[in-house]
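Asker: Data: coords15.tsv, TSV, N, CA and C atoms.
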chain	number	residue	atom	x	y	z
A	61	MET	N	23.11	-16.76	-15.11
A	61	MET	CA	21.74	-17.06	-15.45
A	61	MET	C	21.14	-15.86	-16.19
A	62	LYS	N	20.48	-16.13	-17.29
A	62	LYS	CA	19.88	-15.06	-18.08
A	62	LYS	C	18.54	-14.63	-17.50
A	63	ALA	N	18.30	-13.33	-17.53
A	63	ALA	CA	17.00	-12.81	-17.08
A	63	ALA	C	15.96	-13.10	-18.15
A	64	ARG	N	14.77	-13.43	-17.72
A	64	ARG	CA	13.68	-13.72	-18.65
A	64	ARG	C	13.12	-12.41	-19.19
A	65	VAL	N	12.96	-12.33	-20.47
A	65	VAL	CA	12.41	-11.15	-21.11
A	65	VAL	C	10.90	-11.30	-21.19
A	66	LYS	N	10.18	-10.29	-20.70
A	66	LYS	CA	8.72	-10.32	-20.75
A	66	LYS	C	8.25	-9.95	-22.15
A	67	ARG	N	7.33	-10.71	-22.66
A	67	ARG	CA	6.79	-10.47	-23.99
A	67	ARG	C	5.32	-10.12	-23.90
A	68	GLU	N	4.84	-9.37	-24.88
A	68	GLU	CA	3.41	-9.01	-24.93
A	68	GLU	C	2.53	-10.25	-25.04
A	69	THR	N	3.07	-11.32	-25.58
A	69	THR	CA	2.26	-12.53	-25.77
A	69	THR	C	2.15	-13.35	-24.50
A	70	ASP	N	2.93	-12.99	-23.43
A	70	ASP	CA	2.83	-13.71	-22.16
A	70	ASP	C	1.41	-13.59	-21.61
A	71	TRP	N	0.97	-14.62	-20.93
A	71	TRP	CA	-0.36	-14.64	-20.34
A	71	TRP	C	-0.44	-13.59	-19.26
A	72	GLN	N	-1.58	-12.88	-19.20
A	72	GLN	CA	-1.80	-11.86	-18.17
A	72	GLN	C	-3.08	-12.19	-17.42
A	73	ASP	N	-3.03	-12.03	-16.13
A	73	ASP	CA	-4.21	-12.23	-15.29
A	73	ASP	C	-5.12	-11.02	-15.46
A	74	PRO	N	-6.38	-11.23	-15.87
A	74	PRO	CA	-7.27	-10.10	-16.11
A	74	PRO	C	-7.59	-9.30	-14.83
A	75	ILE	N	-7.60	-9.94	-13.69
A	75	ILE	CA	-7.87	-9.22	-12.44
A	75	ILE	C	-6.69	-8.32	-12.09
A	76	VAL	N	-5.49	-8.84	-12.25
A	76	VAL	CA	-4.30	-8.03	-11.99
A	76	VAL	C	-4.26	-6.85	-12.95
A	77	ALA	N	-4.57	-7.08	-14.20
A	77	ALA	CA	-4.60	-6.00	-15.19
A	77	ALA	C	-5.62	-4.94	-14.80
A	78	GLN	N	-6.78	-5.35	-14.30
A	78	GLN	CA	-7.83	-4.42	-13.88
A	78	GLN	C	-7.37	-3.59	-12.68
A	79	VAL	N	-6.73	-4.23	-11.72
A	79	VAL	CA	-6.24	-3.52	-10.53
A	79	VAL	C	-5.16	-2.51	-10.93
A	80	ARG	N	-4.26	-2.92	-11.82
A	80	ARG	CA	-3.21	-2.01	-12.27
A	80	ARG	C	-3.77	-0.82	-13.03
A	81	ALA	N	-4.80	-1.06	-13.83
A	81	ALA	CA	-5.44	0.03	-14.57
A	81	ALA	C	-6.12	1.00	-13.61
A	82	ALA	N	-6.77	0.47	-12.57
A	82	ALA	CA	-7.42	1.32	-11.57
A	82	ALA	C	-6.38	2.14	-10.81
A	83	ARG	N	-5.26	1.50	-10.46
A	83	ARG	CA	-4.18	2.21	-9.76
A	83	ARG	C	-3.65	3.34	-10.63
A	84	GLU	N	-3.42	3.06	-11.90
A	84	GLU	CA	-2.92	4.08	-12.82
A	84	GLU	C	-3.89	5.24	-12.93
A	85	ALA	N	-5.19	4.96	-13.01
A	85	ALA	CA	-6.19	6.02	-13.12
A	85	ALA	C	-6.22	6.88	-11.85
A	86	LEU	N	-6.12	6.25	-10.68
A	86	LEU	CA	-6.14	6.99	-9.42
A	86	LEU	C	-4.90	7.88	-9.29
A	87	PHE	N	-3.75	7.35	-9.65
A	87	PHE	CA	-2.53	8.15	-9.57
A	87	PHE	C	-2.53	9.26	-10.60
A	88	ALA	N	-3.05	9.00	-11.77
A	88	ALA	CA	-3.14	10.04	-12.80
A	88	ALA	C	-4.04	11.18	-12.32
A	89	ALA	N	-5.17	10.83	-11.68
A	89	ALA	CA	-6.09	11.84	-11.17
A	89	ALA	C	-5.44	12.70	-10.09
A	90	ALA	N	-4.47	12.12	-9.37
A	90	ALA	CA	-3.77	12.85	-8.31
A	90	ALA	C	-2.50	13.53	-8.84
A	91	GLY	N	-2.33	13.53	-10.14
A	91	GLY	CA	-1.16	14.17	-10.74
A	91	GLY	C	0.14	13.45	-10.41
A	92	TYR	N	0.06	12.15	-10.14
A	92	TYR	CA	1.23	11.32	-9.80
A	92	TYR	C	1.97	11.85	-8.57
A	93	ASP	N	1.21	12.50	-7.68
A	93	ASP	CA	1.76	13.03	-6.43
A	93	ASP	C	1.28	12.11	-5.30
A	94	ILE	N	2.21	11.43	-4.63
A	94	ILE	CA	1.84	10.46	-3.61
A	94	ILE	C	1.11	11.12	-2.44
A	95	ARG	N	1.50	12.32	-2.08
A	95	ARG	CA	0.81	13.01	-0.97
A	95	ARG	C	-0.63	13.33	-1.34
A	96	GLU	N	-0.84	13.79	-2.57
A	96	GLU	CA	-2.20	14.08	-3.04
A	96	GLU	C	-3.02	12.79	-3.13
A	97	PHE	N	-2.38	11.73	-3.60
A	97	PHE	CA	-3.06	10.44	-3.68
A	97	PHE	C	-3.52	10.00	-2.29
A	98	CYS	N	-2.64	10.10	-1.30
A	98	CYS	CA	-2.98	9.70	0.07
A	98	CYS	C	-4.06	10.61	0.66
A	99	ARG	N	-3.98	11.92	0.39
A	99	ARG	CA	-5.00	12.85	0.88
A	99	ARG	C	-6.36	12.46	0.33
A	100	ARG	N	-6.41	12.14	-0.96
A	100	ARG	CA	-7.67	11.74	-1.57
A	100	ARG	C	-8.18	10.41	-1.00
A	101	ALA	N	-7.26	9.49	-0.75
A	101	ALA	CA	-7.65	8.20	-0.19
A	101	ALA	C	-8.23	8.37	1.21
A	102	ARG	N	-7.58	9.22	2.04
A	102	ARG	CA	-8.11	9.46	3.39
A	102	ARG	C	-9.46	10.16	3.34
A	103	ALA	N	-9.63	11.08	2.40
A	103	ALA	CA	-10.92	11.78	2.28
A	103	ALA	C	-12.01	10.80	1.87
A	104	ALA	N	-11.70	9.92	0.92
A	104	ALA	CA	-12.69	8.92	0.49
A	104	ALA	C	-13.01	7.97	1.63
A	105	GLN	N	-12.01	7.62	2.42
A	105	GLN	CA	-12.21	6.74	3.57
A	105	GLN	C	-13.13	7.42	4.59
A	106	ALA	N	-12.91	8.69	4.86
A	106	ALA	CA	-13.73	9.42	5.83
A	106	ALA	C	-15.16	9.57	5.33
A	107	ASP	N	-15.32	9.79	4.02
A	107	ASP	CA	-16.65	9.96	3.43
A	107	ASP	C	-17.42	8.66	3.29
A	108	SER	N	-16.74	7.52	3.42
A	108	SER	CA	-17.40	6.23	3.18
A	108	SER	C	-18.44	5.89	4.24
A	109	GLY	N	-18.26	6.44	5.44
A	109	GLY	CA	-19.20	6.11	6.51
A	109	GLY	C	-18.84	4.83	7.25
A	110	HIS	N	-17.81	4.14	6.79
A	110	HIS	CA	-17.37	2.93	7.47
A	110	HIS	C	-16.44	3.28	8.62
A	111	ARG	N	-16.41	2.41	9.61
A	111	ARG	CA	-15.53	2.61	10.75
A	111	ARG	C	-14.09	2.41	10.29
A	112	VAL	N	-13.23	3.34	10.64
A	112	VAL	CA	-11.81	3.25	10.28
A	112	VAL	C	-11.06	2.73	11.49
A	113	VAL	N	-10.27	1.69	11.31
A	113	VAL	CA	-9.51	1.09	12.39
A	113	VAL	C	-8.04	1.45	12.21
A	114	THR	N	-7.44	1.98	13.25
A	114	THR	CA	-6.03	2.33	13.23
A	114	THR	C	-5.33	1.56	14.34
A	115	ARG	N	-4.27	0.87	13.99
A	115	ARG	CA	-3.54	0.10	14.99
A	115	ARG	C	-2.65	1.02	15.82
A	116	ARG	N	-2.53	0.68	17.09
A	116	ARG	CA	-1.61	1.41	17.95
A	116	ARG	C	-0.18	1.07	17.55
A	117	SER	N	0.73	2.00	17.83
A	117	SER	CA	2.14	1.74	17.58
A	117	SER	C	2.63	0.69	18.55
A	118	ARG	N	3.47	-0.21	18.06
A	118	ARG	CA	4.10	-1.18	18.94
A	118	ARG	C	5.36	-0.54	19.51
A	119	ARG	N	5.68	-0.87	20.72
A	119	ARG	CA	6.87	-0.31	21.35
A	119	ARG	C	7.84	-1.43	21.66
A	120	MET	N	9.12	-1.10	21.59
A	120	MET	CA	10.16	-2.08	21.87
A	120	MET	C	11.12	-1.48	22.88
A	121	SER	N	11.50	-2.25	23.86
A	121	SER	CA	12.47	-1.77	24.84
A	121	SER	C	13.87	-1.87	24.26
A	122	SER	N	14.66	-0.87	24.55
A	122	SER	CA	16.07	-0.91	24.15
A	122	SER	C	16.89	-1.31	25.37
A	123	PRO	N	18.14	-1.68	25.19
A	123	PRO	CA	18.96	-2.08	26.34
A	123	PRO	C	19.03	-1.01	27.43
A	124	GLY	N	18.91	0.27	27.07
A	124	GLY	CA	18.97	1.34	28.06
A	124	GLY	C	17.67	1.55	28.81
A	125	GLY	N	16.64	0.79	28.47
A	125	GLY	CA	15.36	0.90	29.16
A	125	GLY	C	14.38	1.84	28.48
A	126	SER	N	14.83	2.60	27.48
A	126	SER	CA	13.89	3.49	26.79
A	126	SER	C	13.10	2.69	25.76
A	127	THR	N	12.05	3.28	25.28
A	127	THR	CA	11.23	2.61	24.27
A	127	THR	C	11.24	3.42	22.99
A	128	ARG	N	11.01	2.75	21.89
A	128	ARG	CA	10.89	3.43	20.61
A	128	ARG	C	9.80	2.74	19.81
A	129	GLU	N	9.18	3.50	18.91
A	129	GLU	CA	8.11	2.94	18.11
A	129	GLU	C	8.71	2.10	16.99
A	130	LEU	N	8.05	0.99	16.71
A	130	LEU	CA	8.43	0.14	15.59
A	130	LEU	C	7.47	0.38	14.43
A	131	PRO	N	7.96	0.30	13.22
A	131	PRO	CA	7.04	0.42	12.08
A	131	PRO	C	6.15	-0.81	12.00
A	132	HIS	N	4.97	-0.63	11.44
A	132	HIS	CA	4.07	-1.76	11.26
A	132	HIS	C	4.61	-2.62	10.14
A	133	ARG	N	4.63	-3.91	10.35
A	133	ARG	CA	5.07	-4.84	9.31
A	133	ARG	C	4.06	-5.96	9.21
A	134	ARG	N	3.83	-6.38	8.01
A	134	ARG	CA	2.98	-7.54	7.80
A	134	ARG	C	3.84	-8.78	7.99
A	135	THR	N	3.28	-9.76	8.64
A	135	THR	CA	4.01	-11.00	8.81
A	135	THR	C	3.32	-12.10	8.04
A	136	LYS	N	4.11	-13.05	7.59
A	136	LYS	CA	3.55	-14.19	6.88
A	136	LYS	C	2.93	-15.13	7.90
A	137	THR	N	1.78	-15.67	7.55
A	137	THR	CA	1.14	-16.64	8.43
A	137	THR	C	1.11	-17.97	7.72
A	138	GLY	N	1.23	-19.02	8.51
A	138	GLY	CA	1.11	-20.37	7.94
A	138	GLY	C	2.34	-20.92	7.51
Take the structure in this file and express it as structure tokens.
Answerer:
Amino acid sequence: MKARVKRETDWQDPIVAQVRAAREALFAAAGYDIREFCRRARAAQADSGHRVVTRRSRRMSSPGGSTRELPHRRTKTG
């Protein structure tokens, strides 16, 4: 099966284009450094004045009876 080649003339969703442009601007401002990007995001979150909600780690029992943390995963609903 041949892979489809994306062309400039393909239809683009303007909202997706706007989100991608905003993402590019934010990463450029952080020097394309993911740690700096996250630091800036956390600082903006703290400065927003909104309540920040952090989920507790989920724990899973292993056969030996010990527990370990599981990473957070999004699940599909519906």
Asker: As an exercise, work out the distance from atom C of Ala88 (chain A) to atom C of Arg100 (chain A) in Å and give it to one decimal place.
Answerer: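 Those two atoms sit 12.1 Å apart.
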Asker: Any idea what the distance is between CA of Ala101 (chain A) and CA of Ala81 (chain A)?
Answerer: 16.7 Å
Asker: Enter the distance from CA of Thr114 (chain A) to atom C of Cys98 (chain A), in Å, rounded to one decimal.
Answerer: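 Interatomic distance, CA of Thr114 (chain A) to atom C of Cys98 (chain A): 15.2 Å.
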Asker: Box along x, y and z, 5 Å on every side, all listed atoms of region 92-97 of chain A inside: centre and edge lengths in Å to one decimal, as lines of an AutoDock Vina configuration file.
Answerer:
center_x = -0.7
center_y = 12.0
center_z = -5.6
size_x = 15.7
size_y = 14.1
size_z = 19.2
